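Listing of final.cif, mmCIF, C-alpha atoms and all ligand atoms
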data_target
loop_
_atom_site.label_atom_id
_atom_site.label_comp_id
_atom_site.auth_asym_id
_atom_site.auth_seq_id
_atom_site.Cartn_x
_atom_site.Cartn_y
_atom_site.Cartn_z
CA MET A 1 -54.05 -203.31 -30.62
CA PRO A 2 -51.18 -202.71 -28.12
CA SER A 3 -50.79 -199.00 -27.46
CA ASP A 4 -47.57 -199.15 -25.44
CA LEU A 5 -44.76 -198.82 -27.97
CA SER A 6 -42.21 -197.75 -25.38
CA THR A 7 -38.71 -199.10 -25.11
CA THR A 8 -35.61 -198.56 -23.03
CA PHE A 9 -32.38 -197.93 -24.92
CA THR A 10 -29.04 -197.40 -23.13
CA GLY A 11 -31.03 -196.84 -19.94
CA VAL A 12 -33.18 -194.06 -21.45
CA ARG A 13 -36.93 -194.59 -21.77
CA PHE A 14 -38.47 -193.76 -25.16
CA GLN A 15 -42.24 -193.59 -25.72
CA ASN A 16 -41.54 -195.23 -29.06
CA PRO A 17 -38.25 -196.33 -30.65
CA PHE A 18 -38.28 -193.68 -33.40
CA LEU A 19 -36.10 -190.57 -33.32
CA LEU A 20 -35.50 -187.62 -35.59
CA SER A 21 -31.78 -187.72 -36.38
CA SER A 22 -29.42 -184.78 -36.09
CA ALA A 23 -30.17 -182.58 -39.13
CA PRO A 24 -32.40 -179.65 -40.26
CA PRO A 25 -35.57 -181.15 -38.67
CA THR A 26 -33.93 -180.67 -35.24
CA GLU A 27 -32.09 -177.39 -35.85
CA SER A 28 -34.38 -175.15 -33.74
CA GLU A 29 -36.48 -175.11 -30.59
CA ALA A 30 -39.69 -174.63 -32.61
CA ASN A 31 -38.94 -177.67 -34.79
CA ILE A 32 -38.11 -179.92 -31.82
CA LEU A 33 -41.27 -178.90 -29.96
CA ARG A 34 -43.32 -179.61 -33.11
CA ALA A 35 -41.56 -182.98 -33.48
CA PHE A 36 -42.44 -184.05 -29.94
CA ASP A 37 -45.99 -182.83 -30.45
CA ALA A 38 -46.17 -184.95 -33.61
CA GLY A 39 -45.20 -188.08 -31.64
CA TRP A 40 -41.48 -188.73 -32.14
CA GLY A 41 -40.13 -190.77 -29.22
CA GLY A 42 -36.88 -188.79 -29.25
CA VAL A 43 -34.89 -186.21 -31.16
CA VAL A 44 -31.17 -185.79 -31.66
CA THR A 45 -30.39 -182.08 -31.95
CA LYS A 46 -28.59 -180.67 -34.96
CA THR A 47 -24.89 -181.02 -34.05
CA ILE A 48 -23.78 -178.33 -31.58
CA GLY A 49 -20.19 -177.04 -31.68
CA LEU A 50 -18.28 -174.29 -29.90
CA HIS A 51 -17.67 -172.20 -32.98
CA PRO A 52 -20.59 -171.12 -35.17
CA VAL A 53 -20.20 -172.25 -38.78
CA VAL A 54 -21.09 -170.39 -41.97
CA ASN A 55 -22.69 -172.55 -44.65
CA VAL A 56 -22.14 -172.27 -48.41
CA VAL A 57 -24.13 -169.81 -50.52
CA GLY A 58 -27.35 -171.29 -51.96
CA PRO A 59 -29.09 -174.57 -51.18
CA LYS A 60 -27.49 -176.86 -48.60
CA THR A 61 -29.69 -179.88 -49.42
CA MET A 62 -31.08 -181.13 -52.74
CA PHE A 63 -33.06 -184.23 -53.70
CA LEU A 64 -32.09 -186.57 -56.55
CA ARG A 65 -35.04 -188.17 -58.33
CA ALA A 66 -35.38 -191.11 -60.75
CA ASP A 67 -37.81 -191.42 -63.66
CA ALA A 68 -40.06 -194.49 -63.67
CA ASP A 69 -39.80 -195.11 -67.43
CA SER A 70 -36.17 -194.26 -68.16
CA ALA A 71 -32.77 -194.34 -66.51
CA HIS A 72 -32.78 -190.54 -66.13
CA LEU A 73 -31.57 -189.27 -62.72
CA SER A 74 -31.69 -185.59 -61.88
CA MET A 75 -32.29 -183.08 -59.09
CA LYS A 76 -34.65 -181.15 -61.39
CA LYS A 77 -38.21 -181.31 -60.09
CA ARG A 78 -40.51 -183.07 -62.56
CA PRO A 79 -43.82 -184.93 -62.40
CA GLY A 80 -43.81 -188.68 -61.87
CA ALA A 81 -40.22 -188.91 -60.61
CA ALA A 82 -39.48 -190.90 -57.45
CA LEU A 83 -37.06 -189.94 -54.68
CA HIS A 84 -33.66 -191.60 -55.07
CA SER A 85 -31.65 -189.77 -52.38
CA SER A 86 -30.87 -186.54 -50.61
CA TRP A 87 -27.53 -184.82 -51.11
CA ASN A 88 -26.23 -182.23 -48.67
CA TRP A 89 -23.17 -180.23 -47.84
CA GLU A 90 -24.56 -178.59 -44.74
CA LEU A 91 -22.18 -178.12 -41.82
CA ILE A 92 -23.06 -178.41 -38.13
CA SER A 93 -25.40 -175.94 -36.36
CA ASP A 94 -24.74 -172.30 -37.18
CA LYS A 95 -25.97 -171.38 -33.67
CA THR A 96 -23.63 -171.04 -30.66
CA LEU A 97 -23.67 -173.17 -27.52
CA ASP A 98 -25.00 -170.11 -25.65
CA TRP A 99 -27.95 -170.04 -28.06
CA TRP A 100 -28.67 -173.73 -27.50
CA VAL A 101 -28.32 -173.91 -23.71
CA PRO A 102 -31.54 -172.12 -22.61
CA ARG A 103 -33.47 -173.76 -25.42
CA LEU A 104 -32.43 -177.28 -24.42
CA ALA A 105 -33.63 -176.53 -20.88
CA ARG A 106 -36.97 -175.15 -22.14
CA ILE A 107 -37.55 -178.13 -24.47
CA LYS A 108 -36.90 -180.57 -21.64
CA GLN A 109 -39.25 -178.63 -19.34
CA ALA A 110 -42.00 -178.67 -21.98
CA PHE A 111 -41.58 -182.39 -22.77
CA PRO A 112 -40.02 -184.08 -19.72
CA ASP A 113 -41.17 -187.53 -20.90
CA HIS A 114 -39.62 -187.29 -24.38
CA ALA A 115 -35.97 -188.16 -24.97
CA LEU A 116 -33.73 -185.22 -25.90
CA VAL A 117 -30.33 -186.26 -27.20
CA ALA A 118 -27.66 -183.59 -27.79
CA SER A 119 -25.38 -184.12 -30.76
CA ILE A 120 -22.00 -182.49 -30.16
CA MET A 121 -18.76 -182.01 -32.10
CA ALA A 122 -15.35 -180.48 -31.41
CA GLY A 123 -11.83 -180.97 -32.73
CA SER A 124 -9.49 -183.65 -31.45
CA GLY A 125 -6.03 -182.41 -32.39
CA ASN A 126 -4.85 -181.38 -28.90
CA ASP A 127 -5.86 -181.26 -25.23
CA THR A 128 -7.63 -177.91 -25.61
CA GLU A 129 -9.81 -179.34 -28.36
CA LEU A 130 -10.55 -182.44 -26.31
CA ARG A 131 -11.63 -180.20 -23.41
CA HIS A 132 -14.10 -178.57 -25.83
CA TRP A 133 -15.88 -181.94 -26.08
CA GLN A 134 -16.17 -181.98 -22.30
CA GLU A 135 -17.42 -178.38 -22.20
CA LEU A 136 -20.14 -179.20 -24.74
CA ALA A 137 -21.09 -182.43 -22.96
CA VAL A 138 -21.38 -180.83 -19.52
CA ALA A 139 -23.36 -177.83 -20.83
CA CYS A 140 -25.91 -180.10 -22.54
CA GLN A 141 -26.30 -182.58 -19.71
CA GLU A 142 -26.80 -179.73 -17.22
CA GLN A 143 -29.88 -178.67 -19.21
CA GLY A 144 -31.45 -182.10 -18.69
CA CYS A 145 -30.53 -183.81 -21.98
CA ASP A 146 -31.06 -187.57 -21.74
CA ALA A 147 -28.04 -188.68 -23.79
CA LEU A 148 -25.16 -187.34 -25.88
CA GLU A 149 -24.43 -188.32 -29.48
CA LEU A 150 -20.84 -187.72 -30.60
CA ASN A 151 -20.68 -186.60 -34.22
CA LEU A 152 -17.67 -188.57 -35.49
CA SER A 153 -19.21 -188.82 -38.91
CA CYS A 154 -20.01 -185.55 -40.72
CA PRO A 155 -18.51 -186.13 -44.21
CA HIS A 156 -17.66 -182.56 -45.16
CA MET A 157 -15.50 -181.04 -42.44
CA ASP A 158 -12.23 -179.66 -43.87
CA ARG A 159 -10.41 -179.98 -40.55
CA PRO A 160 -8.47 -183.25 -40.29
CA ASP A 161 -9.40 -183.57 -36.60
CA MET A 162 -13.18 -183.22 -36.99
CA GLY A 163 -16.25 -185.17 -38.13
CA SER A 164 -15.71 -188.22 -40.31
CA ASN A 165 -11.95 -187.60 -40.18
CA VAL A 166 -12.15 -188.57 -36.49
CA GLY A 167 -14.52 -191.43 -37.32
CA LYS A 168 -11.93 -192.88 -39.72
CA ASP A 169 -9.31 -193.14 -36.97
CA LYS A 170 -10.01 -195.85 -34.40
CA GLU A 171 -7.65 -194.33 -31.83
CA LEU A 172 -9.20 -190.86 -32.06
CA VAL A 173 -12.68 -192.43 -31.84
CA SER A 174 -11.58 -194.14 -28.64
CA ILE A 175 -9.92 -191.04 -27.15
CA VAL A 176 -12.84 -188.69 -27.88
CA THR A 177 -15.37 -191.18 -26.51
CA LYS A 178 -13.32 -191.71 -23.35
CA VAL A 179 -12.83 -187.97 -22.80
CA VAL A 180 -16.59 -187.39 -22.96
CA LYS A 181 -17.34 -190.46 -20.81
CA ASP A 182 -15.03 -189.01 -18.13
CA VAL A 183 -17.49 -186.15 -17.54
CA ALA A 184 -20.78 -187.66 -18.71
CA LYS A 185 -23.47 -188.70 -16.25
CA ILE A 186 -25.78 -189.63 -19.13
CA PRO A 187 -25.31 -192.27 -21.88
CA VAL A 188 -22.88 -191.48 -24.68
CA TRP A 189 -23.59 -192.68 -28.25
CA ALA A 190 -20.89 -192.62 -30.95
CA LYS A 191 -22.20 -191.82 -34.46
CA LEU A 192 -19.69 -193.32 -36.87
CA THR A 193 -19.00 -192.63 -40.52
CA PRO A 194 -19.86 -195.36 -43.06
CA SER A 195 -16.95 -194.18 -45.25
CA THR A 196 -14.34 -196.63 -43.97
CA THR A 197 -13.20 -200.08 -45.04
CA ASP A 198 -14.40 -201.93 -41.95
CA ILE A 199 -16.69 -200.03 -39.58
CA VAL A 200 -16.20 -202.77 -36.96
CA VAL A 201 -12.68 -201.42 -36.38
CA GLU A 202 -13.90 -197.92 -35.46
CA ALA A 203 -16.82 -199.33 -33.44
CA ARG A 204 -14.32 -201.35 -31.41
CA GLY A 205 -12.52 -198.05 -30.71
CA ALA A 206 -15.79 -196.49 -29.52
CA PHE A 207 -16.59 -199.41 -27.22
CA LEU A 208 -13.01 -199.39 -25.86
CA GLY A 209 -13.69 -195.74 -24.98
CA ASP A 210 -16.79 -197.01 -23.15
CA ALA A 211 -19.49 -195.84 -25.59
CA ASP A 212 -23.00 -196.88 -24.52
CA ALA A 213 -24.13 -197.27 -28.15
CA VAL A 214 -22.95 -196.95 -31.72
CA VAL A 215 -25.07 -195.08 -34.27
CA SER A 216 -24.84 -195.68 -38.05
CA SER A 217 -25.10 -194.37 -40.71
CA ASN A 218 -24.38 -190.75 -41.30
CA THR A 219 -24.53 -189.80 -44.98
CA PHE A 220 -22.21 -191.49 -47.50
CA THR A 221 -19.49 -189.38 -49.15
CA SER A 222 -20.71 -188.47 -52.63
CA LEU A 223 -20.91 -185.88 -55.42
CA PRO A 224 -23.93 -184.43 -57.21
CA LEU A 225 -24.25 -185.46 -60.89
CA ILE A 226 -22.99 -183.30 -63.77
CA ASP A 227 -25.72 -181.90 -66.04
CA ALA A 228 -24.99 -183.13 -69.58
CA GLU A 229 -26.32 -179.86 -71.12
CA THR A 230 -24.55 -177.26 -68.97
CA LEU A 231 -21.57 -179.45 -67.95
CA ASP A 232 -22.01 -178.03 -64.45
CA PHE A 233 -22.63 -180.04 -61.31
CA GLU A 234 -26.32 -179.98 -60.41
CA VAL A 235 -25.30 -178.28 -57.17
CA HIS A 236 -22.42 -175.82 -57.29
CA VAL A 237 -21.30 -172.36 -56.21
CA ASP A 238 -19.45 -170.45 -58.94
CA GLY A 239 -18.94 -173.76 -60.76
CA LEU A 240 -17.32 -175.42 -57.74
CA VAL A 241 -18.53 -178.26 -55.56
CA SER A 242 -17.06 -180.33 -52.74
CA THR A 243 -17.95 -183.85 -51.68
CA GLY A 244 -21.10 -183.98 -49.57
CA GLY A 245 -23.33 -186.60 -48.02
CA LEU A 246 -25.87 -188.97 -49.60
CA GLY A 247 -28.97 -189.93 -47.58
CA GLY A 248 -32.48 -191.22 -48.26
CA PRO A 249 -33.77 -194.39 -50.00
CA ALA A 250 -30.53 -195.04 -51.95
CA ILE A 251 -28.54 -195.65 -48.75
CA LEU A 252 -30.96 -198.03 -47.02
CA PRO A 253 -29.28 -201.25 -48.31
CA LEU A 254 -25.78 -199.74 -47.89
CA SER A 255 -26.48 -198.73 -44.33
CA LEU A 256 -28.04 -202.11 -43.53
CA ALA A 257 -24.82 -203.81 -44.64
CA LYS A 258 -22.83 -201.62 -42.22
CA MET A 259 -25.31 -202.32 -39.43
CA SER A 260 -25.18 -206.04 -40.05
CA GLN A 261 -21.38 -206.01 -39.68
CA LEU A 262 -21.70 -204.04 -36.43
CA THR A 263 -24.40 -206.12 -34.74
CA GLN A 264 -22.69 -209.39 -35.67
CA ALA A 265 -19.36 -208.22 -34.28
CA PHE A 266 -20.92 -206.90 -31.04
CA PRO A 267 -24.15 -208.85 -30.45
CA ASP A 268 -24.40 -207.68 -26.82
CA LYS A 269 -24.00 -203.96 -27.52
CA SER A 270 -26.61 -201.28 -28.31
CA PHE A 271 -27.12 -199.83 -31.78
CA SER A 272 -29.27 -197.09 -33.28
CA GLY A 273 -29.92 -197.50 -37.02
CA ILE A 274 -30.18 -194.65 -39.54
CA GLY A 275 -30.34 -194.47 -43.31
CA GLY A 276 -33.17 -194.43 -45.83
CA VAL A 277 -36.05 -195.05 -43.42
CA SER A 278 -39.48 -193.67 -44.25
CA THR A 279 -41.82 -196.59 -43.39
CA PHE A 280 -42.12 -199.16 -40.61
CA GLU A 281 -41.10 -201.89 -43.07
CA HIS A 282 -37.80 -200.05 -43.60
CA ALA A 283 -37.27 -199.59 -39.85
CA LEU A 284 -38.06 -203.26 -39.24
CA ASN A 285 -34.86 -204.20 -41.11
CA TYR A 286 -32.77 -202.33 -38.54
CA PHE A 287 -34.65 -203.89 -35.59
CA LEU A 288 -34.31 -207.41 -36.99
CA LEU A 289 -30.57 -206.87 -37.52
CA GLY A 290 -30.14 -205.82 -33.88
CA CYS A 291 -30.93 -202.09 -33.44
CA GLY A 292 -32.88 -200.93 -30.39
CA THR A 293 -33.89 -197.57 -31.92
CA VAL A 294 -34.17 -196.14 -35.45
CA GLN A 295 -33.55 -192.56 -36.60
CA VAL A 296 -34.94 -190.65 -39.60
CA CYS A 297 -33.83 -187.55 -41.52
CA THR A 298 -34.57 -187.31 -45.28
CA ALA A 299 -38.15 -188.62 -45.11
CA ALA A 300 -38.95 -186.14 -42.32
CA MET A 301 -37.40 -183.22 -44.22
CA LEU A 302 -39.84 -183.90 -47.06
CA ASP A 303 -42.87 -184.17 -44.74
CA HIS A 304 -43.63 -180.73 -43.27
CA ALA A 305 -39.99 -180.39 -42.09
CA VAL A 306 -40.38 -182.62 -39.01
CA GLY A 307 -42.21 -185.66 -40.39
CA PRO A 308 -45.65 -185.69 -38.69
CA ASN A 309 -47.02 -188.21 -41.21
CA VAL A 310 -43.84 -190.28 -41.12
CA ILE A 311 -43.94 -190.74 -37.33
CA ARG A 312 -47.66 -191.47 -37.40
CA ALA A 313 -47.05 -194.24 -39.97
CA LEU A 314 -44.04 -195.61 -38.06
CA ASN A 315 -46.02 -195.83 -34.81
CA ARG A 316 -49.04 -197.30 -36.56
CA GLY A 317 -46.82 -199.81 -38.36
CA LEU A 318 -45.18 -200.93 -35.11
CA ALA A 319 -48.55 -201.22 -33.34
CA CYS A 320 -49.97 -203.36 -36.19
CA PHE A 321 -46.84 -205.51 -36.26
CA LEU A 322 -47.05 -206.19 -32.51
CA ASP A 323 -50.74 -206.97 -32.87
CA LYS A 324 -50.04 -209.41 -35.71
CA HIS A 325 -47.43 -211.23 -33.63
CA ALA A 326 -49.27 -211.07 -30.29
CA ASP A 327 -49.65 -214.89 -30.34
CA LYS A 328 -45.85 -215.12 -29.93
CA GLY A 329 -46.08 -212.99 -26.79
CA TRP A 330 -44.39 -210.01 -28.45
CA THR A 331 -45.17 -206.79 -26.59
CA GLY A 332 -42.38 -204.50 -27.73
CA VAL A 333 -39.38 -204.15 -30.07
CA GLU A 334 -37.19 -205.98 -27.51
CA ASN A 335 -38.96 -209.19 -28.53
CA PHE A 336 -37.68 -209.11 -32.11
CA VAL A 337 -34.46 -207.05 -31.99
CA GLY A 338 -31.70 -209.10 -33.63
CA LEU A 339 -33.98 -211.91 -34.80
CA ARG A 340 -32.37 -211.96 -38.27
CA ARG A 341 -28.84 -210.91 -37.24
CA ASP A 342 -27.37 -214.38 -37.79
CA ARG A 343 -29.00 -214.93 -41.18
CA VAL A 344 -26.23 -212.86 -42.80
CA VAL A 345 -23.33 -215.25 -43.47
CA SER A 346 -20.25 -215.42 -45.68
CA GLN A 347 -20.84 -216.41 -49.32
CA SER A 348 -19.23 -219.82 -48.90
CA LYS A 349 -21.93 -220.76 -46.36
CA ILE A 350 -24.75 -220.23 -48.89
CA ARG A 351 -26.07 -223.52 -50.36
CA ARG A 352 -24.96 -224.32 -53.94
CA PRO A 353 -27.17 -226.24 -56.40
CA ASP A 354 -26.46 -229.95 -56.86
CA GLU A 355 -23.62 -230.51 -59.32
CA LYS A 356 -25.95 -231.80 -62.09
CA ASP A 357 -27.90 -228.52 -61.97
CA TYR A 358 -24.88 -226.28 -61.95
CA ARG A 359 -24.60 -224.21 -65.08
CA GLY A 360 -21.79 -221.88 -64.13
CA GLY A 361 -24.09 -219.08 -63.11
CA TYR A 362 -24.00 -216.92 -66.21
CA GLU A 363 -26.52 -218.98 -68.21
CA ALA A 364 -29.22 -218.56 -65.58
CA GLU A 365 -32.48 -216.90 -66.52
CA GLY A 366 -32.25 -213.13 -66.49
CA TYR A 367 -28.75 -212.83 -67.93
CA ALA A 368 -28.37 -211.46 -71.45
CA GLU A 369 -26.94 -213.76 -74.12
CA PRO A 370 -23.21 -213.19 -74.51
CA THR A 371 -22.63 -210.99 -77.58
CA ALA A 372 -19.92 -211.77 -80.09
CA VAL A 373 -16.82 -209.61 -79.74
CA SER A 374 -15.39 -208.56 -83.08
C1 LIG A 401 -29.13 -181.55 -44.62
C2 LIG A 401 -28.58 -182.57 -43.67
C3 LIG A 401 -27.87 -182.14 -42.55
C4 LIG A 401 -27.34 -183.06 -41.65
N1 LIG A 401 -26.68 -182.62 -40.53
C5 LIG A 401 -26.19 -183.51 -39.63
C6 LIG A 401 -25.57 -183.07 -38.43
O1 LIG A 401 -25.47 -181.87 -38.13
N2 LIG A 401 -25.11 -184.03 -37.57
C7 LIG A 401 -25.21 -185.37 -37.82
O2 LIG A 401 -24.77 -186.19 -37.01
N3 LIG A 401 -25.81 -185.82 -38.97
C8 LIG A 401 -26.30 -184.92 -39.86
N4 LIG A 401 -26.95 -185.37 -40.99
C9 LIG A 401 -27.08 -186.83 -41.22
C10 LIG A 401 -28.43 -187.38 -40.78
O3 LIG A 401 -28.62 -187.24 -39.39
C11 LIG A 401 -28.58 -188.88 -41.16
O4 LIG A 401 -27.54 -189.61 -40.52
C12 LIG A 401 -28.49 -189.12 -42.67
O5 LIG A 401 -29.18 -188.12 -43.39
C13 LIG A 401 -29.04 -190.51 -43.07
O6 LIG A 401 -30.40 -190.62 -42.75
P1 LIG A 401 -31.59 -190.52 -43.86
O7 LIG A 401 -31.30 -191.52 -44.92
O8 LIG A 401 -32.85 -190.75 -43.09
O9 LIG A 401 -31.50 -189.10 -44.40
C14 LIG A 401 -27.50 -184.45 -41.89
C15 LIG A 401 -28.21 -184.88 -43.03
C16 LIG A 401 -28.75 -183.97 -43.91
C17 LIG A 401 -29.52 -184.46 -45.12
#
Once you've parsed the file, please lay out its structure as structure tokens.
Ligand SMILES: Cc1cc2nc3c(=O)[nH]c(=O)nc-3n(C[C@H](O)[C@H](O)[C@H](O)COP(=O)(O)O)c2cc1C
Amino acid sequence: MPSDLSTTFTGVRFQNPFLLSSAPPTESEANILRAFDAGWGGVVTKTIGLHPVVNVVGPKTMFLRADADSAHLSMKKRPGAALHSSWNWELISDKTLDWWVPRLARIKQAFPDHALVASIMAGSGNDTELRHWQELAVACQEQGCDALELNLSCPHMDRPDMGSNVGKDKELVSIVTKVVKDVAKIPVWAKLTPSTTDIVVEARGAFLGDADAVVSSNTFTSLPLIDAETLDFEVHVDGLVSTGGLGGPAILPLSLAKMSQLTQAFPDKSFSGIGGVSTFEHALNYFLLGCGTVQVCTAAMLDHAVGPNVIRALNRGLACFLDKHADKGWTGVENFVGLRRDRVVSQSKIRRPDEKDYRGGYEAEGYAEPTAVS
């Protein structure tokens, strides 16, 4: 079985193509050290900003679960229910840049051969704010970080010049990326929001700003469900809720659709896929659509906080897959990245049945009989 799972992505070498994404699993030095110990090829730190944030009272993340034998969906823990999604309204890191700086240096010293990516976020409303991006970028790269990930995607920032509000504006995406590229000596990845009409537009902005890679998806804008008994949202503070972000299994197909648009529009560019991954089979979708690396959050949160079993299974899955396809000469992910990118086509290109077989679609097996309308 091949034991070398390494890959090079945007010029950075990864021992394997799997990263913990920017989120609670990467919010502290202890977690990141544990993650590298467990075998993750890279980590993206929890997003670092210049101003510490204060999160809402109570839980910042909850998990929505589905019953196997009914259509019931709820965040209430109960036996036999399967994970549907995570929902969070957590802001960026509540630690200052000064807190992060010595820790980034220590992590890099302890694990020089593992890829440490710093996720950063500032405003974009004026030149001072744009200089904050540069301050963050320089501080992180001076500690030895291998790449920078620009958070242009957090779905619950109130400020109109931050997070997904930047990611929805192709010009701001371009400006912020360019401003960081002006001072960066390491690769710059742009993490875009999926909450736009056509993510290709914002990705074009990122590449015009000279981004080395585009990352997708952050969580999808969403609300928790309302409890039919209490008439309260399942997550609330004093009865109030704001929109938050949906992650986990429910977003895998949604995120794949975004990634497919991106890799088709820019087949020669680099992409890192995120959304709903907990097994190698899930990650394989992203590789086959054209991603060079894959990131994980929700599955890791539910596995001892940093996903030791998840990364073991991902690495084992990749090793077995390479072994199975050794006769094709495949020795690493590079050999199959993008192999199914061009299988996604417009509807009109999908073969129709011969005319004699055509029954208008709605009579096909599986559709309910039309009921009489009184
Ligand atoms: C509680 C929580 C906090 C998160 N915080 C950040 C963040 O600070 N920066 C960021 O870029 N993404 C953040 N994310 C998004 C994740 O990195 C990831 O893009 C998203 O959860 C989808 O991946 P998944 O389906 O594996 O969870 C957060 C997600 C969760 C659930």
With 7 Å as the cut-off and only C-alpha atoms and all ligand atoms counted, what is the closest atom pair between each nearby residue of chain A and ligand LIG 401 (chain A)? Distances in Å to one decimal, ordered by chain and number, as a Markdown table.
| residue | atom | partner | partner_atom | distance |
| --- | --- | --- | --- | --- |
| A:Ser21 | CA | A:LIG401 | O3 | 4.4 |
| A:Ser22 | CA | A:LIG401 | O3 | 4.2 |
| A:Ala23 | CA | A:LIG401 | N1 | 3.8 |
| A:Pro24 | CA | A:LIG401 | C3 | 5.7 |
| A:Lys46 | CA | A:LIG401 | O1 | 4.6 |
| A:Thr47 | CA | A:LIG401 | O1 | 4.2 |
| A:Lys60 | CA | A:LIG401 | C1 | 6.4 |
| A:Thr61 | CA | A:LIG401 | C1 | 5.1 |
| A:Ser86 | CA | A:LIG401 | C17 | 6.0 |
| A:Trp87 | CA | A:LIG401 | C17 | 6.3 |
| A:Asn88 | CA | A:LIG401 | C1 | 5.0 |
| A:Trp89 | CA | A:LIG401 | C1 | 6.9 |
| A:Glu90 | CA | A:LIG401 | C3 | 5.3 |
| A:Leu91 | CA | A:LIG401 | O1 | 6.2 |
| A:Ile92 | CA | A:LIG401 | O1 | 4.2 |
| A:Ser93 | CA | A:LIG401 | O1 | 6.2 |
| A:Ser119 | CA | A:LIG401 | O2 | 6.6 |
| A:Asn151 | CA | A:LIG401 | O2 | 5.0 |
| A:Ser153 | CA | A:LIG401 | O2 | 6.4 |
| A:Cys154 | CA | A:LIG401 | C7 | 6.0 |
| A:Lys191 | CA | A:LIG401 | O2 | 6.7 |
| A:Ser217 | CA | A:LIG401 | O4 | 5.4 |
| A:Asn218 | CA | A:LIG401 | O4 | 3.4 |
| A:Thr219 | CA | A:LIG401 | C12 | 4.6 |
| A:Gly247 | CA | A:LIG401 | O7 | 3.9 |
| A:Gly248 | CA | A:LIG401 | O7 | 3.6 |
| A:Pro249 | CA | A:LIG401 | O7 | 6.3 |
| A:Ile251 | CA | A:LIG401 | O7 | 6.3 |
| A:Leu252 | CA | A:LIG401 | O7 | 6.8 |
| A:Ile274 | CA | A:LIG401 | O6 | 5.2 |
| A:Gly275 | CA | A:LIG401 | O7 | 3.5 |
| A:Gly276 | CA | A:LIG401 | O7 | 3.6 |
| A:Val277 | CA | A:LIG401 | O8 | 5.4 |
| A:Gln295 | CA | A:LIG401 | O8 | 6.8 |
| A:Val296 | CA | A:LIG401 | O8 | 4.1 |
| A:Cys297 | CA | A:LIG401 | O8 | 3.7 |
| A:Thr298 | CA | A:LIG401 | O9 | 3.7 |
| A:Ala299 | CA | A:LIG401 | O8 | 6.1 |
_My list of candidates is A:Thr263, A:Thr26, A:Phe207, A:Lys95. Which is closest to A:Asn55 when distances are computed with all atoms listed in the file?_
A:Lys95
Would you list the contacts of stretch 338-355 of chain A as a PDB file with C-alpha atoms, keeping the file's coordinate frame, taking every protein, DNA or RNA residue within 12 Å and counting only C-alpha atoms, but skipping same-chain residues closer than 6 positions in sequence?
ATOM      1  CA  LEU A 256     -28.040-202.110 -43.530  1.00  0.00           C
ATOM      2  CA  ALA A 257     -24.820-203.810 -44.640  1.00  0.00           C
ATOM      3  CA  LYS A 258     -22.830-201.620 -42.220  1.00  0.00           C
ATOM      4  CA  MET A 259     -25.310-202.320 -39.430  1.00  0.00           C
ATOM      5  CA  SER A 260     -25.180-206.040 -40.050  1.00  0.00           C
ATOM      6  CA  GLN A 261     -21.380-206.010 -39.680  1.00  0.00           C
ATOM      7  CA  LEU A 262     -21.700-204.040 -36.430  1.00  0.00           C
ATOM      8  CA  THR A 263     -24.400-206.120 -34.740  1.00  0.00           C
ATOM      9  CA  GLN A 264     -22.690-209.390 -35.670  1.00  0.00           C
ATOM     10  CA  ALA A 265     -19.360-208.220 -34.280  1.00  0.00           C
ATOM     11  CA  PHE A 266     -20.920-206.900 -31.040  1.00  0.00           C
ATOM     12  CA  PRO A 267     -24.150-208.850 -30.450  1.00  0.00           C
ATOM     13  CA  ASP A 268     -24.400-207.680 -26.820  1.00  0.00           C
ATOM     14  CA  LYS A 269     -24.000-203.960 -27.520  1.00  0.00           C
ATOM     15  CA  SER A 270     -26.610-201.280 -28.310  1.00  0.00           C
ATOM     16  CA  PHE A 271     -27.120-199.830 -31.780  1.00  0.00           C
ATOM     17  CA  LEU A 284     -38.060-203.260 -39.240  1.00  0.00           C
ATOM     18  CA  ASN A 285     -34.860-204.200 -41.110  1.00  0.00           C
ATOM     19  CA  TYR A 286     -32.770-202.330 -38.540  1.00  0.00           C
ATOM     20  CA  PHE A 287     -34.650-203.890 -35.590  1.00  0.00           C
ATOM     21  CA  LEU A 288     -34.310-207.410 -36.990  1.00  0.00           C
ATOM     22  CA  LEU A 289     -30.570-206.870 -37.520  1.00  0.00           C
ATOM     23  CA  GLY A 290     -30.140-205.820 -33.880  1.00  0.00           C
ATOM     24  CA  CYS A 291     -30.930-202.090 -33.440  1.00  0.00           C
ATOM     25  CA  GLY A 292     -32.880-200.930 -30.390  1.00  0.00           C
ATOM     26  CA  THR A 293     -33.890-197.570 -31.920  1.00  0.00           C
ATOM     27  CA  GLY A 361     -24.090-219.080 -63.110  1.00  0.00           C
TER      28      GLY A 361
END
_Residues near A:Leu20, anyone? I mean within 9 Å using all atoms listed in the file, not counting same-chain ones fewer than 2 positions away, as an MDAnalysis selection string._
chainID A and resid 18 22:23 25:26 32 35 40:45 294:297 300 306:307
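Atom CA of A:Glu29 sits 21.9 Å away from atom CA of A:Pro59.
Atom CA of A:Leu322 sits 29.0 Å away from atom CA of A:Glu149.
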*Report the distance between atom CA of A:Gly273 and atom CA of A:Val200 in Å, rounded to one decimal place.*
14.7 Å
_Show me, as a count of residues only, the residues that have an atom within 8 Å of stretch 124-130 of chain A when counting only C-alpha atoms, minus same-chain residues fewer than 6 positions from it._
6
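Shortest atom-to-atom contact with A:Phe233 among A:Met75, A:Glu202, A:Met301, A:His114: A:Met75, counting all atoms listed in the file.
The environment of A:Val180 within 10 Å, counting all atoms listed in the file and disregarding residues fewer than 4 places along the same chain, consists of Leu130, Arg131, His132, Trp133, Gln134, Glu135, Leu136, Ala137, Val138, Leu148, Leu150, Ile175, Val176, Ala184, Lys185, Val188, Gly209, Asp210 and Ala211 of chain A.
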